[in-house]
file structure-v1.txt (compact mmCIF, C-alpha atoms)
# COMPACT_ATOMS: atom_id res chain seq x y z
CA MET A 226 6.61 91.51 7.61
CA TYR A 227 4.09 89.86 9.85
CA GLU A 228 1.99 88.68 6.95
CA GLU A 229 5.06 87.35 5.17
CA GLY A 230 6.17 85.41 8.30
CA LYS A 231 2.73 83.99 8.74
CA LYS A 232 2.73 82.70 5.19
CA LEU A 233 6.08 81.01 5.75
CA ASP A 234 4.78 79.31 8.90
CA PHE A 235 1.72 78.05 7.04
CA SER A 236 3.94 76.75 4.25
CA ASP A 237 6.20 74.86 6.71
CA ASP A 238 3.18 73.35 8.48
CA ARG A 239 1.77 72.23 5.17
CA LYS A 240 5.03 70.60 4.21
CA LYS A 241 5.21 68.83 7.58
CA ARG A 242 1.64 67.53 7.18
CA VAL A 243 2.37 66.33 3.68
CA ALA A 244 5.54 64.59 4.91
CA LYS A 245 3.63 62.88 7.72
CA LEU A 246 0.92 61.84 5.28
CA LYS A 247 3.52 60.35 2.97
CA LYS A 248 5.03 58.42 5.87
CA LEU A 249 1.62 57.09 6.85
CA ILE A 250 0.88 56.08 3.28
CA MET A 251 4.26 54.37 2.98
CA ALA A 252 3.73 52.57 6.30
CA LEU A 253 0.29 51.46 5.17
CA VAL A 254 1.63 50.22 1.85
CA ILE A 255 4.46 48.33 3.56
CA THR A 256 2.00 46.83 6.04
CA LEU A 257 -0.37 45.76 3.26
CA ILE A 258 2.53 44.08 1.48
CA ALA A 259 4.12 42.57 4.58
CA ILE A 260 0.98 40.97 6.08
CA PRO A 261 0.11 38.80 3.04
CA THR A 262 3.78 37.91 2.66
CA ILE A 263 4.03 36.79 6.28
CA LEU A 264 0.75 34.88 5.99
CA CYS A 265 2.01 33.13 2.87
CA ILE A 266 5.22 32.13 4.65
CA VAL A 267 3.24 30.81 7.64
CA LEU A 268 0.89 28.87 5.37
CA VAL A 269 3.79 27.34 3.44
CA VAL A 270 5.45 26.25 6.69
CA LYS A 271 2.17 24.76 7.93
CA LEU A 272 1.70 23.03 4.59
CA PHE A 273 5.09 21.34 4.90
CA ILE A 274 4.29 20.28 8.47
CA LEU A 275 0.90 18.91 7.39
CA GLN A 276 2.49 17.05 4.49
CA ASP A 277 4.94 15.40 6.89
CA LYS A 278 2.05 14.33 9.11
CA VAL A 279 0.15 12.92 6.13
CA ASP A 280 3.24 11.02 4.99
CA ASN A 281 3.66 9.57 8.48
CA ILE A 282 0.01 8.51 8.59
CA LEU A 283 0.30 6.83 5.20
CA ASP A 284 3.53 5.12 6.25
CA ASN A 285 1.90 3.82 9.43
CA ARG A 286 -1.13 2.61 7.51
CA ASP A 287 1.07 0.75 5.06
CA LYS A 288 3.00 -0.80 7.94
CA VAL A 289 -0.23 -2.02 9.50
CA GLU A 290 -1.48 -3.67 6.33
CA ASN A 291 1.81 -4.75 4.86
CA THR A 292 3.79 -6.00 7.83
CA THR A 293 2.70 -9.52 7.12
CA GLU A 294 4.74 -10.01 4.00
CA TYR A 295 6.32 -12.41 6.46
CA ILE A 296 6.94 -16.03 5.74
CA GLY A 297 6.47 -17.71 9.05
CA GLU A 298 3.06 -19.16 8.35
CA THR A 299 3.55 -21.02 5.12
CA THR A 300 5.26 -24.24 6.26
CA GLY A 301 4.87 -26.80 8.98
CA ASN A 302 2.09 -28.70 7.29
CA VAL A 303 2.43 -32.36 8.18
CA GLU A 304 -0.44 -34.77 8.50
CA GLU A 305 -0.11 -38.42 7.60
CA GLY A 306 3.59 -37.90 6.80
CA TYR A 307 3.08 -34.69 4.82
CA THR A 308 5.97 -32.23 4.42
CA ASP A 309 6.04 -28.72 3.02
CA SER A 310 7.84 -29.81 -0.12
CA GLN A 311 4.57 -31.42 -1.21
CA THR A 312 2.71 -28.14 -1.50
CA GLY A 313 4.52 -26.86 -4.54
CA SER A 314 4.58 -23.46 -2.86
CA GLU A 315 7.38 -20.99 -3.38
CA SER A 316 10.40 -20.90 -1.05
CA GLN A 317 9.60 -18.88 2.04
CA GLU A 318 11.17 -15.51 1.38
CA SER A 319 9.70 -12.14 2.25
CA GLN A 320 10.57 -8.96 0.41
CA GLU A 321 12.22 -7.73 3.60
CA GLN A 322 13.96 -11.12 4.07
CA SER A 323 13.95 -10.68 7.84
CA SER A 324 15.50 -13.66 9.57
CA GLU A 325 13.11 -13.39 12.50
CA GLU A 326 10.20 -14.01 10.14
CA GLN A 327 11.43 -17.47 9.15
CA THR A 328 9.54 -19.32 11.79
CA THR A 329 8.43 -22.81 10.82
CA GLU A 330 11.22 -24.41 8.85
CA GLU A 331 12.59 -26.80 11.48
CA GLN A 332 9.60 -28.67 12.82
CA THR A 333 9.42 -32.47 12.97
CA THR A 334 6.72 -34.92 12.06
CA GLU A 335 6.29 -35.99 15.68
CA GLU A 336 5.38 -32.45 16.68
CA GLN A 337 2.52 -32.07 14.19
CA THR A 338 -0.70 -33.75 15.14
CA THR A 339 -4.44 -33.67 14.78
CA GLU A 340 -6.77 -34.20 17.67
CA THR A 341 -10.41 -35.24 17.70
CA PRO A 342 -12.54 -32.71 19.59
CA SER A 343 -13.74 -33.58 23.07
CA THR A 344 -17.33 -32.77 22.10
CA GLU A 345 -19.31 -34.92 19.69
CA PRO A 346 -17.32 -34.85 16.45
CA LEU A 347 -18.77 -34.13 13.05
CA PRO A 348 -20.18 -37.06 11.08
CA ASP A 349 -17.69 -38.98 8.99
CA GLY A 350 -16.96 -36.96 5.91
CA LYS A 351 -14.55 -34.52 4.27
CA TYR A 352 -14.26 -31.04 5.78
CA ALA A 353 -12.31 -28.01 4.62
CA TYR A 354 -11.68 -24.89 6.69
CA LEU A 355 -10.72 -21.67 4.93
CA THR A 356 -8.75 -19.62 7.45
CA PHE A 357 -7.60 -16.03 6.89
CA ASP A 358 -4.85 -14.46 9.01
CA ASP A 359 -3.91 -10.83 9.75
CA GLY A 360 -7.11 -9.00 8.81
CA PRO A 361 -9.27 -7.13 8.60
CA SER A 362 -8.02 -5.37 5.49
CA ALA A 363 -9.23 -3.64 2.36
CA ASN A 364 -9.91 -7.14 0.97
CA THR A 365 -12.17 -8.31 3.80
CA MET A 366 -15.48 -7.22 2.32
CA SER A 367 -14.66 -8.77 -1.06
CA ILE A 368 -13.76 -12.04 0.67
CA LEU A 369 -17.01 -11.97 2.64
CA ASP A 370 -19.06 -11.29 -0.50
CA ILE A 371 -17.53 -14.28 -2.28
CA LEU A 372 -18.14 -16.54 0.71
CA ASP A 373 -21.74 -15.34 0.83
CA ASN A 374 -22.20 -16.04 -2.89
CA TYR A 375 -21.21 -19.67 -2.30
CA GLY A 376 -23.02 -20.00 1.02
CA VAL A 377 -19.90 -21.11 2.90
CA LYS A 378 -18.36 -20.00 6.19
CA ALA A 379 -14.72 -19.30 7.05
CA THR A 380 -12.52 -18.45 10.02
CA PHE A 381 -10.68 -15.13 10.41
CA PHE A 382 -7.71 -14.95 12.77
CA VAL A 383 -7.47 -11.20 13.16
CA ASN A 384 -4.99 -8.68 14.52
CA GLY A 385 -5.73 -5.43 16.34
CA HIS A 386 -6.64 -2.78 13.77
CA THR A 387 -8.44 0.27 15.15
CA GLY A 388 -10.66 2.89 13.55
CA SER A 389 -14.27 3.03 12.38
CA VAL A 390 -13.59 1.39 9.01
CA MET A 391 -11.81 -1.54 10.62
CA GLU A 392 -14.52 -1.89 13.24
CA GLU A 393 -17.14 -2.25 10.50
CA ARG A 394 -15.08 -5.05 9.00
CA TYR A 395 -14.82 -6.89 12.32
CA LYS A 396 -18.60 -6.57 12.68
CA ALA A 397 -19.21 -7.83 9.16
CA ILE A 398 -17.15 -10.98 9.82
CA VAL A 399 -19.27 -11.85 12.85
CA ASP A 400 -22.61 -10.60 11.52
CA ARG A 401 -22.29 -12.77 8.42
CA GLY A 402 -21.82 -15.88 10.53
CA HIS A 403 -18.10 -16.51 10.26
CA ALA A 404 -15.78 -17.55 13.08
CA ILE A 405 -13.39 -14.94 14.44
CA GLY A 406 -10.19 -15.81 16.26
CA ILE A 407 -7.24 -14.08 17.91
CA HIS A 408 -3.91 -13.68 16.11
CA THR A 409 -2.43 -11.30 18.75
CA PHE A 410 -2.99 -7.55 18.80
CA SER A 411 0.26 -6.38 17.24
CA HIS A 412 1.65 -9.43 15.42
CA ASP A 413 5.04 -8.08 16.53
CA TYR A 414 7.17 -11.16 17.15
CA ASP A 415 9.46 -9.39 19.63
CA ASN A 416 6.49 -8.38 21.74
CA VAL A 417 4.36 -11.50 21.30
CA TYR A 418 7.21 -13.83 22.25
CA GLY A 419 8.89 -11.43 24.67
CA GLY A 420 7.62 -13.25 27.75
CA LEU A 421 4.37 -14.58 29.15
CA ASP A 422 3.25 -11.17 30.43
CA LYS A 423 3.51 -9.63 26.98
CA PHE A 424 1.97 -12.69 25.36
CA GLU A 425 -1.00 -12.53 27.72
CA GLU A 426 -1.50 -8.81 27.09
CA GLU A 427 -1.43 -9.35 23.32
CA ILE A 428 -4.19 -11.95 23.57
CA VAL A 429 -6.37 -10.49 26.30
CA SER A 430 -6.37 -6.98 24.85
CA LEU A 431 -7.46 -8.23 21.43
CA ARG A 432 -10.08 -10.54 22.91
CA LYS A 433 -11.59 -7.58 24.80
CA TYR A 434 -11.44 -5.39 21.71
CA ILE A 435 -13.21 -7.98 19.54
CA LEU A 436 -15.91 -8.42 22.22
CA GLU A 437 -16.37 -4.66 22.51
CA VAL A 438 -16.65 -4.13 18.76
CA THR A 439 -18.64 -7.20 17.70
CA GLY A 440 -20.29 -8.53 20.86
CA LYS A 441 -18.59 -11.87 20.18
CA ASP A 442 -16.30 -13.49 22.73
CA THR A 443 -13.74 -15.84 21.23
CA THR A 444 -11.14 -18.26 22.54
CA LEU A 445 -9.88 -19.39 19.14
CA PHE A 446 -6.21 -18.57 18.70
CA ARG A 447 -3.47 -18.88 16.12
CA PHE A 448 0.19 -18.25 16.93
CA PRO A 449 1.96 -15.76 14.65
CA GLY A 450 4.23 -18.12 12.76
CA GLY A 451 2.28 -21.11 14.02
CA SER A 452 3.00 -23.14 17.14
CA SER A 453 6.09 -24.50 15.36
CA ASN A 454 7.66 -21.07 14.91
CA THR A 455 11.36 -20.67 15.68
CA ILE A 456 11.09 -17.15 17.09
CA ALA A 457 9.94 -18.20 20.54
CA ASP A 458 12.85 -19.70 22.45
CA ASP A 459 10.46 -22.19 24.03
CA ILE A 460 6.85 -22.40 22.86
CA LYS A 461 5.76 -24.70 25.69
CA PRO A 462 5.06 -21.99 28.32
CA TYR A 463 2.87 -20.17 25.82
CA ILE A 464 0.95 -23.33 24.98
CA GLN A 465 0.58 -24.04 28.69
CA TRP A 466 -0.85 -20.57 29.27
CA LEU A 467 -3.38 -21.08 26.47
CA ASN A 468 -4.42 -24.46 27.83
CA ASP A 469 -4.72 -23.13 31.39
CA ASN A 470 -6.88 -20.20 30.27
CA GLY A 471 -9.32 -22.04 28.06
CA TYR A 472 -8.01 -21.14 24.59
CA SER A 473 -7.75 -23.54 21.66
CA TYR A 474 -4.92 -22.84 19.25
CA TRP A 475 -5.08 -23.77 15.61
CA ASP A 476 -2.36 -24.35 13.07
CA TRP A 477 -2.89 -25.65 9.53
CA ASN A 478 -2.11 -28.66 7.37
CA CYS A 479 -2.49 -26.95 4.01
CA SER A 480 -0.82 -23.74 2.86
CA SER A 481 -2.14 -21.66 -0.01
CA GLY A 482 1.34 -20.22 -0.46
CA ASP A 483 0.09 -16.63 -0.37
CA ALA A 484 2.40 -15.63 2.50
CA THR A 485 5.49 -15.69 0.34
CA GLY A 486 7.01 -12.32 -0.51
CA LYS A 487 6.78 -13.25 -4.17
CA LYS A 488 3.31 -12.57 -5.54
CA ILE A 489 1.72 -15.76 -6.81
CA THR A 490 -1.23 -16.16 -9.11
CA ALA A 491 -4.73 -17.30 -8.23
CA GLU A 492 -4.11 -20.46 -10.21
CA GLU A 493 -1.02 -21.25 -8.14
CA ILE A 494 -2.94 -20.75 -4.91
CA VAL A 495 -5.63 -23.22 -6.00
CA ALA A 496 -2.99 -25.72 -7.16
CA ASN A 497 -1.14 -25.49 -3.83
CA CYS A 498 -4.33 -26.25 -1.90
CA MET A 499 -5.28 -29.14 -4.17
CA VAL A 500 -2.10 -31.08 -3.28
CA GLN A 501 -3.50 -32.07 0.11
CA ALA A 502 -7.07 -32.29 -1.17
CA ASP A 503 -6.03 -34.74 -3.87
CA ALA A 504 -3.99 -36.66 -1.31
CA GLY A 505 -7.27 -37.52 0.41
CA TYR A 506 -7.10 -35.40 3.55
CA LYS A 507 -10.46 -35.59 5.30
CA ASN A 508 -9.75 -32.63 7.56
CA LEU A 509 -8.20 -29.77 5.60
CA VAL A 510 -7.26 -26.55 7.44
CA ILE A 511 -6.10 -24.08 4.78
CA LEU A 512 -3.86 -21.12 5.58
CA MET A 513 -4.56 -17.88 3.68
CA HIS A 514 -4.17 -14.19 4.40
CA ASP A 515 -6.56 -11.27 4.51
CA LEU A 516 -4.21 -8.45 3.55
CA ARG A 517 -4.46 -5.59 1.09
CA PRO A 518 -1.58 -6.82 -1.16
CA LYS A 519 -3.05 -10.34 -1.36
CA GLU A 520 -5.39 -9.65 -4.26
CA SER A 521 -4.64 -13.00 -5.88
CA THR A 522 -6.02 -14.69 -2.75
CA VAL A 523 -9.35 -12.98 -3.34
CA GLU A 524 -9.22 -13.88 -7.02
CA ALA A 525 -8.53 -17.53 -6.18
CA LEU A 526 -11.45 -17.98 -3.79
CA PRO A 527 -14.24 -18.86 -6.27
CA ALA A 528 -12.15 -21.48 -8.06
CA LEU A 529 -10.82 -22.83 -4.75
CA ILE A 530 -14.30 -23.21 -3.28
CA GLU A 531 -15.57 -24.91 -6.42
CA ALA A 532 -12.56 -27.25 -6.55
CA LEU A 533 -13.02 -28.27 -2.90
CA GLN A 534 -16.75 -28.85 -3.33
CA ALA A 535 -16.13 -30.88 -6.49
CA ARG A 536 -13.92 -33.16 -4.39
CA GLY A 537 -16.67 -33.68 -1.84
CA TYR A 538 -15.55 -31.27 0.87
CA GLU A 539 -17.99 -29.48 3.13
CA ILE A 540 -16.54 -26.03 3.79
CA ARG A 541 -17.09 -24.92 7.37
CA ALA A 542 -15.99 -22.39 9.96
CA ILE A 543 -13.95 -23.74 12.86
CA ASP A 544 -16.03 -24.60 15.93
CA GLU A 545 -15.92 -26.93 18.94
CA ARG A 546 -16.75 -29.93 16.73
CA SER A 547 -13.86 -29.40 14.34
CA THR A 548 -10.86 -31.73 14.45
CA LEU A 549 -7.98 -29.77 15.95
CA VAL A 550 -4.82 -29.37 13.88
CA GLN A 551 -1.66 -28.38 15.77
CA HIS A 552 1.99 -28.48 14.82
CA ARG A 553 3.15 -28.74 18.41
CA LYS A 554 1.36 -29.65 21.62
CA LEU A 555 2.27 -30.46 25.18
CA GLN A 556 2.78 -34.14 25.85
call {"tool": "encode", "arguments": {"input": "structure-v1.txt", "output": "structure tokens"}}
result
Amino acid sequence: MYEEGKKLDFSDDRKKRVAKLKKLIMALVITLIAIPTILCIVLVVKLFILQDKVDNILDNRDKVENTTEYIGETTGNVEEGYTDSQTGSESQESQEQSSEEQTTEEQTTEEQTTETPSTEPLPDGKYAYLTFDDGPSANTMSILDILDNYGVKATFFVNGHTGSVMEERYKAIVDRGHAIGIHTFSHDYDNVYGGLDKFEEEIVSLRKYILEVTGKDTTLFRFPGGSSNTIADDIKPYIQWLNDNGYSYWDWNCSSGDATGKKITAEEIVANCMVQADAGYKNLVILMHDLRPKESTVEALPALIEALQARGYEIRAIDERSTLVQHRKLQ
């Protein structure tokens, strides 16, 4: 009886051990299945979060480079009785058709003047100034290469774009001997024209940034929308601040037409610029844009430079000897 009972005990113990082993094996199997599943779920969630961040970054980048499909800087070009209808440029409509971007439609001839510089002026002749607003952009290096190929200098009125790639473009503008000017840090009309404090911050912060990145201090300035813009309730306090703080602001008397929301061809850009050139302007300040979507502007540059030179223009960067062109000025 004893031996038989002992055998039964051993049999029960064996069954219990086997049952425990099965439970351990099952737990191990479940764990091995659950861990990868949980990791996959976590990775998928993180992937969606990362994708959202990437989309936001791309959206912000596009906003930075594409915000200037605005139309405020394509009119207001009067010298010697000139009006915008003479340019042959397209009507000033942006793709967004924002009313606050329509800035220079209502100026008058009396408000648009040129002024001989206080320093010794340039010798009598014909001078053209290629000016590029809103950069740097993905087109900047191509523009600089073309200018180098023709041995001419230009003026870049830049905005505040940060990052190592942008900083290299700022440096290239200055290192290659071109003039660099301030076009406000944000180009946000509400902020730029939201009061003198904001206006000052927009200018001073960009001036410091340009100096830090390039080693070049600049007091050249161009109003977003030009000094004849209709966004600022009263432009006079802003002009007064510029005058009091040693800045010179520059408008234009020739529009390439590349600020319109409708994409125009390189041939149209050259034709727009030739209206004033063929009218005999001796001091031609040409408005163009350094923006990623403005590929036709880059394409037009060689033909534009050649056409200006064929008409006897010396193409220069703006400096203290240049004849100032302003739409509006203080009396």
call {"tool": "closest_residue", "arguments": {"input": "structure-v1.txt", "among": "A:Met366, A:Val429, A:Met499, A:Asn416", "to": "Arg401 (chain A)", "atoms": "all atoms listed in the file"}}
result
A:Met366
call {"tool": "closest_residue", "arguments": {"input": "structure-v1.txt", "among": "A:Ile260, A:Leu431, A:Val383, A:Ala397", "to": "Pro449 (chain A)", "atoms": "only C-alpha atoms"}}
result
A:Val383
call {"tool": "residues_near_point", "arguments": {"input": "structure-v1.txt", "point": "(-6.9, -14.4, 15.4)", "cutoff": "12 Å", "atoms": "all atoms listed in the file", "output": "count of residues only"}}
result
47
call {"tool": "atom_distance", "arguments": {"input": "structure-v1.txt", "atom1": "CA of Leu529 (chain A)", "atom2": "CA of Cys498 (chain A)"}}
result
7.9 Å
call {"tool": "atom_distance", "arguments": {"input": "structure-v1.txt", "atom1": "CA of Val523 (chain A)", "atom2": "CA of Ile368 (chain A)"}}
result
6.0 Å
call {"tool": "atom_distance", "arguments": {"input": "structure-v1.txt", "atom1": "CA of Val377 (chain A)", "atom2": "CA of Glu345 (chain A)"}}
result
21.7 Å
call {"tool": "residues_around", "arguments": {"input": "structure-v1.txt", "residues": "Ala363 (chain A)", "least_positions_apart": "5", "cutoff": "10 Å", "atoms": "only C-alpha atoms", "output": "list in words"}}
result
Glu290, Ile368, Val390, Met391, Arg394, Asp515, Leu516, Arg517, Pro518, Lys519 and Glu520 of chain A
call {"tool": "closest_residue", "arguments": {"input": "structure-v1.txt", "among": "A:Ala259, A:Ala502, A:Leu555, A:Leu436", "to": "Arg536 (chain A)", "atoms": "only C-alpha atoms"}}
result
A:Ala502
call {"tool": "residues_around", "arguments": {"input": "structure-v1.txt", "residues": "region 457-470 of chain A", "least_positions_apart": "6", "cutoff": "9 Å", "atoms": "all atoms listed in the file", "output": "PyMOL selection string"}}
result
chain A and resi 328+414-415+417-421+424-425+446+553-555
call {"tool": "write_last_selection", "arguments": {"input": "structure-v1.txt", "atoms": "C-alpha atoms", "output": "mmCIF file, in the coordinates of the input"}}
result
data_model
loop_
_atom_site.group_PDB
_atom_site.id
_atom_site.type_symbol
_atom_site.label_atom_id
_atom_site.label_comp_id
_atom_site.auth_asym_id
_atom_site.auth_seq_id
_atom_site.Cartn_x
_atom_site.Cartn_y
_atom_site.Cartn_z
ATOM 1 C CA THR A 328 9.540 -19.320 11.790
ATOM 2 C CA TYR A 414 7.170 -11.160 17.150
ATOM 3 C CA ASP A 415 9.460 -9.390 19.630
ATOM 4 C CA VAL A 417 4.360 -11.500 21.300
ATOM 5 C CA TYR A 418 7.210 -13.830 22.250
ATOM 6 C CA GLY A 419 8.890 -11.430 24.670
ATOM 7 C CA GLY A 420 7.620 -13.250 27.750
ATOM 8 C CA LEU A 421 4.370 -14.580 29.150
ATOM 9 C CA PHE A 424 1.970 -12.690 25.360
ATOM 10 C CA GLU A 425 -1.000 -12.530 27.720
ATOM 11 C CA PHE A 446 -6.210 -18.570 18.700
ATOM 12 C CA ARG A 553 3.150 -28.740 18.410
ATOM 13 C CA LYS A 554 1.360 -29.650 21.620
ATOM 14 C CA LEU A 555 2.270 -30.460 25.180
#
call {"tool": "closest_residue", "arguments": {"input": "structure-v1.txt", "among": "A:His552, A:Ser480, A:Ile489, A:Leu372", "to": "Ser453 (chain A)", "atoms": "all atoms listed in the file"}}
result
A:His552
call {"tool": "residues_around", "arguments": {"input": "structure-v1.txt", "residues": "Tyr506 (chain A)", "least_positions_apart": "2", "cutoff": "9 Å", "atoms": "only C-alpha atoms", "output": "list in words"}}
result
Glu304, Glu305, Lys351, Tyr352, Gln501, Ala502, Asp503, Ala504, Asn508 and Leu509 of chain A
